[in-house]
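Visitor: Following this line is query08.txt, made up of compact mmCIF, C-alpha atoms:
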```
# COMPACT_ATOMS: atom_id res chain seq x y z
CA MET I 108 -11.04 27.64 -9.67
CA SER I 109 -12.84 24.69 -8.06
CA SER I 110 -13.96 23.39 -11.49
CA LEU I 111 -10.35 23.62 -12.74
CA TRP I 112 -9.11 21.74 -9.65
CA GLY I 113 -11.72 19.06 -10.28
CA LYS I 114 -10.35 18.46 -13.80
CA ILE I 115 -6.92 17.51 -12.44
CA PRO I 116 -6.51 13.70 -12.26
CA SER I 117 -7.33 12.33 -8.82
CA TRP I 118 -3.97 10.55 -8.57
CA ILE I 119 -2.46 14.05 -8.60
CA ARG I 120 -5.14 15.85 -6.60
CA GLY I 121 -5.06 13.25 -3.83
CA PRO I 122 -1.32 13.39 -3.06
CA VAL I 123 -1.15 17.19 -3.48
CA THR I 124 -4.10 17.71 -1.12
CA GLY I 125 -2.68 15.31 1.45
CA ILE I 126 0.78 16.90 1.40
CA LEU I 127 -0.70 20.39 1.73
CA ILE I 128 -2.72 19.29 4.76
CA LEU I 129 0.39 17.72 6.25
CA LEU I 130 2.46 20.87 5.83
CA VAL I 131 -0.19 23.30 7.05
CA ALA I 132 -1.25 21.24 10.06
CA LEU I 133 2.06 19.71 11.10
CA GLN I 134 4.66 22.44 10.77
CA PRO I 135 3.22 24.94 13.30
CA ILE I 136 3.07 22.22 15.98
CA ILE I 137 6.60 21.05 15.20
CA PHE I 138 7.75 24.67 15.51
CA LEU I 139 6.10 24.99 18.93
CA ILE I 140 7.73 21.75 20.12
CA GLN I 141 11.14 22.95 18.95
CA LEU I 142 10.64 26.22 20.80
CA ASN I 143 9.64 24.30 23.93
CA GLN I 144 12.88 22.31 23.73
CA ILE I 145 14.84 25.58 23.83
CA HIS I 146 12.77 27.95 25.98
CA PHE I 147 11.15 27.21 29.37
CA GLN I 148 12.03 23.52 29.24
CA GLN I 149 10.72 22.95 32.75
CA VAL I 150 7.10 23.05 31.51
CA PRO I 151 5.57 21.40 28.39
CA TRP I 152 3.87 24.68 27.48
CA SER I 153 3.66 23.70 23.78
CA ILE I 154 0.84 21.25 24.53
CA LEU I 155 -1.97 23.80 25.01
CA PRO I 156 -1.47 25.93 21.85
CA SER I 157 -0.75 22.77 19.85
CA ALA I 158 -3.94 21.11 21.11
CA ILE I 159 -6.01 24.17 20.19
CA PHE I 160 -4.46 24.34 16.73
CA LEU I 161 -4.91 20.58 16.23
CA TRP I 162 -8.59 20.81 17.20
CA LEU I 163 -9.14 23.69 14.76
CA CYS I 164 -7.49 21.73 11.94
CA TRP I 165 -9.52 18.60 12.73
CA SER I 166 -12.76 20.58 12.90
CA TYR I 167 -12.16 22.28 9.57
CA LEU I 168 -11.13 19.07 7.81
CA GLY I 169 -14.27 17.45 9.24
CA GLY I 170 -16.59 20.06 7.73
CA SER I 171 -16.66 23.03 10.12
CA GLY I 172 -16.09 26.59 8.98
CA THR I 173 -16.37 28.16 5.57
CA PRO I 174 -17.07 27.71 2.78
CA SER I 175 -20.26 25.87 3.58
CA SER I 176 -20.39 24.58 0.00
CA THR I 177 -17.50 22.19 0.75
CA ARG I 178 -18.74 21.06 4.17
CA ALA I 179 -20.21 17.74 3.03
CA LEU I 180 -17.19 17.02 0.84
CA ARG I 181 -14.76 17.64 3.71
CA GLN I 182 -16.76 15.38 6.00
CA ASN I 183 -16.68 12.64 3.39
CA LEU I 184 -12.96 12.95 2.67
CA LEU I 185 -11.87 12.95 6.31
CA ARG I 186 -13.75 9.69 6.88
CA ALA I 187 -14.07 10.33 10.63
CA ASN I 188 -16.88 7.79 10.89
CA ARG I 189 -17.77 5.67 13.89
CA VAL I 190 -16.92 2.01 13.42
CA SER I 191 -20.14 0.05 13.05
CA ALA I 192 -21.10 -2.46 15.73
CA GLU I 193 -20.97 -5.30 13.20
CA LYS I 194 -17.34 -4.55 12.35
CA GLY I 195 -16.17 -3.32 15.75
CA ALA I 196 -14.38 -6.38 17.15
CA LEU I 197 -12.70 -7.34 13.87
CA VAL I 198 -11.56 -3.78 13.19
CA TRP I 199 -9.88 -3.35 16.57
CA VAL I 200 -8.34 -6.83 16.44
CA SER I 201 -6.91 -5.92 13.05
CA ALA I 202 -5.55 -2.64 14.48
CA ILE I 203 -3.77 -4.58 17.24
CA PHE I 204 -2.20 -6.91 14.67
CA ILE I 205 -0.97 -3.83 12.76
CA VAL I 206 0.68 -2.48 15.91
CA MET I 207 2.42 -5.85 16.40
CA LEU I 208 3.35 -6.09 12.74
CA ILE I 209 4.95 -2.65 12.47
CA SER I 210 6.68 -2.99 15.84
CA ALA I 211 8.24 -6.31 14.82
CA PHE I 212 9.19 -5.02 11.38
CA THR I 213 10.86 -1.99 12.98
CA VAL I 214 12.93 -4.11 15.37
CA LEU I 215 13.94 -6.51 12.60
CA SER I 216 14.97 -3.62 10.37
CA PHE I 217 17.08 -2.15 13.17
CA SER I 218 18.72 -5.57 13.48
CA ILE I 219 19.77 -5.78 9.83
CA GLN I 220 21.66 -2.48 9.63
CA THR I 221 23.91 -0.44 11.88
CA LEU I 222 22.64 3.06 12.67
CA SER I 223 23.85 5.98 14.76
CA MET I 224 21.79 7.67 17.47
CA ASP I 225 21.56 10.90 15.45
CA ARG I 226 19.20 9.09 13.04
CA ILE I 227 16.65 9.11 15.88
CA GLY I 228 16.67 12.89 16.31
CA LEU I 229 13.56 13.36 18.42
CA VAL I 230 14.54 10.71 20.95
CA ALA I 231 18.04 12.13 21.27
CA ASN I 232 16.59 15.57 22.05
CA LEU I 233 14.31 14.15 24.75
CA PHE I 234 17.25 13.03 26.88
CA GLU I 235 18.07 16.68 27.57
CA LEU I 236 14.59 17.62 28.83
CA PRO I 237 13.03 17.36 32.32
CA THR I 238 10.88 14.25 32.79
CA PHE I 239 7.56 16.12 32.92
CA THR I 240 8.30 18.06 29.74
CA ALA I 241 9.61 14.99 27.90
CA LEU I 242 6.49 12.96 28.69
CA GLY I 243 4.23 15.81 27.59
CA ILE I 244 6.07 16.22 24.30
CA ILE I 245 6.05 12.46 23.66
CA ALA I 246 2.28 12.34 24.12
CA LEU I 247 1.84 15.41 21.92
CA VAL I 248 4.02 14.01 19.14
CA ALA I 249 2.20 10.65 19.17
CA ILE I 250 -1.28 12.22 19.05
CA MET I 251 -0.22 14.83 16.49
CA SER I 252 1.28 12.20 14.19
CA GLY I 253 -1.71 9.91 14.50
CA VAL I 254 -4.35 12.56 13.89
CA ILE I 255 -2.70 14.73 11.23
CA GLU I 256 -0.98 12.03 9.20
CA GLU I 257 -4.02 9.76 9.13
CA ALA I 258 -6.29 12.68 8.19
CA ALA I 259 -3.92 13.74 5.42
CA PHE I 260 -3.06 10.29 4.03
CA ARG I 261 -5.72 7.69 4.84
CA GLY I 262 -8.40 10.38 4.94
CA TYR I 263 -8.13 12.95 2.18
CA MET I 264 -5.37 11.52 -0.04
CA GLN I 265 -6.62 7.95 -0.21
CA ARG I 266 -10.31 8.90 -0.32
CA ILE I 267 -9.86 11.26 -3.28
CA MET I 268 -8.17 8.52 -5.30
CA GLU I 269 -10.66 5.85 -4.20
CA LYS I 270 -13.46 7.85 -5.83
CA ARG I 271 -11.90 7.48 -9.30
CA HIS I 272 -9.58 4.48 -9.10
CA HIS I 273 -9.45 0.97 -7.68
CA PRO I 274 -8.94 0.93 -3.88
CA VAL I 275 -5.74 -1.11 -4.24
CA LEU I 276 -4.18 1.61 -6.39
CA ALA I 277 -5.32 4.32 -3.96
CA ILE I 278 -3.86 2.41 -1.00
CA LEU I 279 -0.52 1.74 -2.71
CA VAL I 280 -0.03 5.30 -4.00
CA THR I 281 -0.91 6.67 -0.57
CA ALA I 282 1.54 4.28 1.08
CA LEU I 283 4.30 5.29 -1.33
CA MET I 284 3.67 8.98 -0.68
CA PHE I 285 3.70 8.29 3.06
CA ALA I 286 7.14 6.68 2.70
CA LEU I 287 8.49 9.49 0.54
CA VAL I 288 7.70 12.17 3.13
CA HIS I 289 9.55 10.12 5.78
CA PRO I 290 13.10 9.99 4.34
CA GLN I 291 14.82 7.04 5.99
CA PRO I 292 17.33 4.26 5.20
CA PHE I 293 16.04 1.79 2.62
CA LEU I 294 14.73 -0.83 5.05
CA PHE I 295 12.77 1.80 6.96
CA ILE I 296 11.17 2.94 3.72
CA LEU I 297 9.87 -0.62 3.41
CA ILE I 298 8.45 -0.33 6.94
CA PHE I 299 6.61 2.85 6.02
CA ILE I 300 5.24 1.38 2.79
CA GLY I 301 4.19 -1.85 4.52
CA GLY I 302 2.71 -0.14 7.55
CA ALA I 303 0.95 2.51 5.48
CA SER I 304 -0.52 -0.17 3.21
CA ALA I 305 -1.89 -2.00 6.26
CA TRP I 306 -3.38 1.23 7.59
CA GLY I 307 -4.88 1.96 4.18
CA ILE I 308 -6.48 -1.49 3.99
CA LEU I 309 -7.95 -1.16 7.47
CA THR I 310 -9.27 2.33 6.72
CA TYR I 311 -10.92 1.16 3.53
CA LEU I 312 -12.49 -1.93 5.10
CA SER I 313 -13.69 -0.09 8.23
CA ASP I 314 -14.60 3.16 6.40
CA SER I 315 -13.07 5.05 9.33
CA ILE I 316 -9.72 6.61 10.21
CA TYR I 317 -10.30 6.28 13.97
CA PRO I 318 -8.72 2.78 14.20
CA THR I 319 -5.64 3.87 12.26
CA ILE I 320 -5.30 7.04 14.32
CA ALA I 321 -5.29 4.92 17.47
CA ALA I 322 -2.82 2.36 16.05
CA HIS I 323 -0.53 5.04 14.62
CA ALA I 324 -0.44 7.06 17.85
CA LEU I 325 0.07 3.96 19.98
CA ILE I 326 3.03 2.75 17.90
CA ASP I 327 4.73 6.15 18.04
CA PHE I 328 4.08 6.55 21.76
CA LEU I 329 5.32 3.08 22.73
CA PHE I 330 8.47 3.31 20.65
CA ILE I 331 9.43 6.82 21.78
CA VAL I 332 8.76 6.06 25.45
CA TRP I 333 10.74 2.82 25.27
CA ALA I 334 13.66 4.54 23.53
CA TRP I 335 13.59 7.43 26.00
CA LEU I 336 13.54 5.14 29.05
CA ASN I 337 16.12 2.69 27.65
CA PRO I 338 18.87 4.66 25.92
CA ASP I 339 21.44 1.89 26.46
CA SER I 340 19.11 -0.72 24.95
CA LEU I 341 18.34 1.63 22.06
CA GLN I 342 22.05 2.15 21.43
CA ALA I 343 22.64 -1.61 21.52
CA LEU I 344 19.79 -2.17 19.07
CA LEU I 345 21.13 0.47 16.71
CA GLU I 346 24.58 -1.10 16.78
CA PHE I 347 23.36 -4.70 16.49
CA ASN I 348 23.68 -6.12 13.00
CA ILE I 349 22.58 -9.69 12.35
CA LEU I 350 24.72 -9.79 9.20
CA GLU I 351 27.77 -9.45 11.43
CA THR I 352 26.74 -11.39 14.55
CA GLY I 353 24.46 -14.05 13.11
CA VAL I 354 20.92 -15.06 14.09
CA ASN I 355 20.15 -15.07 17.82
CA GLN I 356 17.07 -15.67 20.00
CA PHE I 357 16.18 -11.96 19.99
CA PHE I 358 15.96 -11.93 16.19
CA LEU I 359 14.05 -15.21 16.09
CA PHE I 360 11.53 -13.95 18.66
CA TRP I 361 10.72 -10.82 16.68
CA THR I 362 10.59 -12.80 13.46
CA ALA I 363 7.94 -15.04 15.08
CA VAL I 364 6.00 -11.96 16.24
CA TRP I 365 6.13 -10.56 12.70
CA VAL I 366 4.86 -13.82 11.16
CA ILE I 367 2.02 -14.14 13.69
CA ALA I 368 1.02 -10.49 13.27
CA LEU I 369 1.08 -10.71 9.47
CA ALA I 370 -1.06 -13.87 9.51
CA GLY I 371 -3.46 -12.26 11.99
CA PHE I 372 -3.78 -9.10 9.93
CA ILE I 373 -4.43 -11.04 6.72
CA TRP I 374 -7.04 -13.19 8.50
CA SER I 375 -8.84 -10.21 10.06
CA SER I 376 -8.75 -8.27 6.77
CA LEU I 377 -10.31 -11.17 4.87
CA LYS I 378 -12.98 -11.48 7.54
CA LEU I 379 -13.73 -7.75 7.27
CA TRP I 380 -13.91 -7.97 3.49
CA GLN I 381 -16.36 -10.88 3.71
CA LEU I 382 -18.40 -9.03 6.33
CA ASN I 383 -18.59 -5.94 4.12
CA LYS I 384 -19.86 -8.05 1.23
CA SER I 385 -22.46 -9.64 3.51
CA LEU I 386 -23.63 -6.25 4.80
CA VAL I 387 -23.95 -4.89 1.26
CA GLN I 388 -25.99 -7.93 0.20
CA ASP I 389 -28.23 -7.61 3.26
CA SER I 390 -28.87 -3.92 2.61
CA GLY I 391 -29.65 -4.72 -1.03
CA SER I 392 -32.09 -7.43 -0.02
CA LYS I 393 -33.84 -5.09 2.42
CA ALA I 394 -34.11 -2.40 -0.25
CA LEU I 395 -35.73 -4.86 -2.68
CA ALA I 396 -38.11 -6.02 0.01
CA LEU I 397 -39.31 -2.47 0.60
CA GLN I 398 -40.08 -1.89 -3.07
```
Please express the file's structure as structure tokens.
Guide:
Amino acid sequence: MSSLWGKIPSWIRGPVTGILILLVALQPIIFLIQLNQIHFQQVPWSILPSAIFLWLCWSYLGGSGTPSSTRALRQNLLRANRVSAEKGALVWVSAIFIVMLISAFTVLSFSIQTLSMDRIGLVANLFELPTFTALGIIALVAIMSGVIEEAAFRGYMQRIMEKRHHPVLAILVTALMFALVHPQPFLFILIFIGGASAWGILTYLSDSIYPTIAAHALIDFLFIVWAWLNPDSLQALLEFNILETGVNQFFLFWTAVWVIALAGFIWSSLKLWQLNKSLVQDSGSKALALQ
């Protein structure tokens, strides 16, 4: 069976593996959150069983459990590596630029089309929950999304394709698949493709999914908390349409943020790429010196 699976092209194996991980790891936690929104709303009881299940999924994907024959492969595919000291500062600066970039792109996309509140289902449901429960679920959703989606997409899916194809192709296919599993209006699909491409680039250059997990979780947490605390502002943003009202200072500000963040991300990515080349050359020189 494993030999047959290995004969399937990696551009099929990668997406199928990633989607399977997403379904198996994500759906039970979503089910628990939905139950929590209906039963015993006073307490965020879904956090504990979800955290245990999330830890078990992460451990298995990282190489724990059986079969032992796939342990090394699972460790390699998850790419849960510590960021090296040489790359550390650049990697985290790049992650911050990604947070800015996606945040600005999201606001700008909201500003170009009129949407109803029911398109933001999770946020709408939070308004009906007690504060303690809402905060707990927000934190759980942000961490769950960051960990599971990055493990499934930038970990397994992208890594499988990287082994057989050019990294650019692996990053783009992964980004497209990420957008397809998040059905949204057209402009939001562009956000998902753009954001997922940035996460894929950072993962490849840092050889770690930890920075993208942090950036992904932070973006989700900040947006959901802001929307939950500012329902009137959220409603105004959903109803605002620059095509009807014309350009204003709000739109210009976020356009400037987007331009700065994009320039910063490109700069930091190029620096990381150059640093990777330098590190490879240094390791090659040291290996020759030892011979």
Visitor: In Å, rounded to a single decimal, give me how far atom CA of I:Phe372 is from atom CA of I:Ile203.
Guide: 8.6 Å
Visitor: Just to confirm, what's the straight-line distance from atom CA of I:Glu256 to atom CA of I:Leu382 in Å (one decimal)?
Guide: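 According to the coordinates, atom CA of I:Glu256 and atom CA of I:Leu382 are separated by 27.5 Å.
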Visitor: Closest to I:Ser153 among I:Gly262, I:Pro237, I:Pro274, I:Gly243, using all atoms listed in the file?
Guide: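 So, comparing all the options, the nearest one is I:Gly243.
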Visitor: Between I:Glu346, I:Ala196, I:Ile219, I:Ala132, which residue has the minimum interatomic distance to I:Glu257, considering all atoms listed in the file?
Guide: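 Between I:Glu346, I:Ala196, I:Ile219, I:Ala132, the residue approaching I:Glu257 most closely is I:Ala132.
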Visitor: In terms of the shortest atom-to-atom distance over only C-alpha atoms, which of I:Ala286, I:Val206, I:Leu379, I:Ile300 is closest to I:Asp314?
Guide: I:Leu379
Visitor: Quick one: 8 Å padding each side, axis-aligned, all listed atoms of stretch 266-272 of chain I - centre and edge lengths in Å to one decimal, as lines of an AutoDock Vina configuration file?
Guide:
```
center_x = -10.8
center_y = 7.9
center_z = -4.8
size_x = 21.3
size_y = 22.8
size_z = 25.0
```
Visitor: Which residue out of I:Phe212, I:Tyr263, I:Trp118, I:Phe138 has the minimum interatomic distance to I:Ile367 when all atoms listed in the file are used?
Guide: I:Phe212
Visitor: Give the answer as one residue: which of I:Ser385, I:Thr173, I:Ser191, I:Thr238 has the shortest atom-to-atom distance to I:Ser315, using all atoms listed in the file?
Guide: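 Comparing I:Ser385, I:Thr173, I:Ser191, I:Thr238 against I:Ser315, the winner is I:Ser191.
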Visitor: Could you check the closest approach to I:Pro135 for each of I:Ala211, I:Met251, I:Leu185, I:Phe147 and tell me which residue wins, using only C-alpha atoms?
Guide: I:Met251
Visitor: Do you know which residues are at most 12 Å from I:Ser201 counting all atoms listed in the file, after dropping those on the same chain fewer than 3 positions away, and could you put them as a PDB file with C-alpha atoms, in the coordinates of the input?
Guide:
```
ATOM      1  CA  LYS I 194     -17.340  -4.550  12.350  1.00  0.00           C
ATOM      2  CA  GLY I 195     -16.170  -3.320  15.750  1.00  0.00           C
ATOM      3  CA  ALA I 196     -14.380  -6.380  17.150  1.00  0.00           C
ATOM      4  CA  LEU I 197     -12.700  -7.340  13.870  1.00  0.00           C
ATOM      5  CA  VAL I 198     -11.560  -3.780  13.190  1.00  0.00           C
ATOM      6  CA  PHE I 204      -2.200  -6.910  14.670  1.00  0.00           C
ATOM      7  CA  ILE I 205      -0.970  -3.830  12.760  1.00  0.00           C
ATOM      8  CA  VAL I 206       0.680  -2.480  15.910  1.00  0.00           C
ATOM      9  CA  MET I 207       2.420  -5.850  16.400  1.00  0.00           C
ATOM     10  CA  LEU I 208       3.350  -6.090  12.740  1.00  0.00           C
ATOM     11  CA  ALA I 305      -1.890  -2.000   6.260  1.00  0.00           C
ATOM     12  CA  TRP I 306      -3.380   1.230   7.590  1.00  0.00           C
ATOM     13  CA  ILE I 308      -6.480  -1.490   3.990  1.00  0.00           C
ATOM     14  CA  LEU I 309      -7.950  -1.160   7.470  1.00  0.00           C
ATOM     15  CA  THR I 310      -9.270   2.330   6.720  1.00  0.00           C
ATOM     16  CA  LEU I 312     -12.490  -1.930   5.100  1.00  0.00           C
ATOM     17  CA  SER I 313     -13.690  -0.090   8.230  1.00  0.00           C
ATOM     18  CA  PRO I 318      -8.720   2.780  14.200  1.00  0.00           C
ATOM     19  CA  THR I 319      -5.640   3.870  12.260  1.00  0.00           C
ATOM     20  CA  ALA I 321      -5.290   4.920  17.470  1.00  0.00           C
ATOM     21  CA  ALA I 322      -2.820   2.360  16.050  1.00  0.00           C
ATOM     22  CA  ALA I 368       1.020 -10.490  13.270  1.00  0.00           C
ATOM     23  CA  LEU I 369       1.080 -10.710   9.470  1.00  0.00           C
ATOM     24  CA  ALA I 370      -1.060 -13.870   9.510  1.00  0.00           C
ATOM     25  CA  GLY I 371      -3.460 -12.260  11.990  1.00  0.00           C
ATOM     26  CA  PHE I 372      -3.780  -9.100   9.930  1.00  0.00           C
ATOM     27  CA  ILE I 373      -4.430 -11.040   6.720  1.00  0.00           C
ATOM     28  CA  TRP I 374      -7.040 -13.190   8.500  1.00  0.00           C
ATOM     29  CA  SER I 375      -8.840 -10.210  10.060  1.00  0.00           C
ATOM     30  CA  SER I 376      -8.750  -8.270   6.770  1.00  0.00           C
ATOM     31  CA  LEU I 377     -10.310 -11.170   4.870  1.00  0.00           C
ATOM     32  CA  LYS I 378     -12.980 -11.480   7.540  1.00  0.00           C
ATOM     33  CA  LEU I 379     -13.730  -7.750   7.270  1.00  0.00           C
TER      34      LEU I 379
END
```
Visitor: Within 12 Å of (0.6, 12.0, 22.0) (coordinates as in the file), grab all the protein and nucleic acid residues, counting all atoms listed in the file, and write them out as a PyMOL selection string.
Guide: chain I and resi 154+157-158+161+241-255+320-332
Visitor: Quick one: pull the distance between atom CA of I:Leu127 and atom CA of I:Asn143, Å, one decimal.
Guide: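 Rounded to one decimal, the two atoms are 24.8 Å apart.
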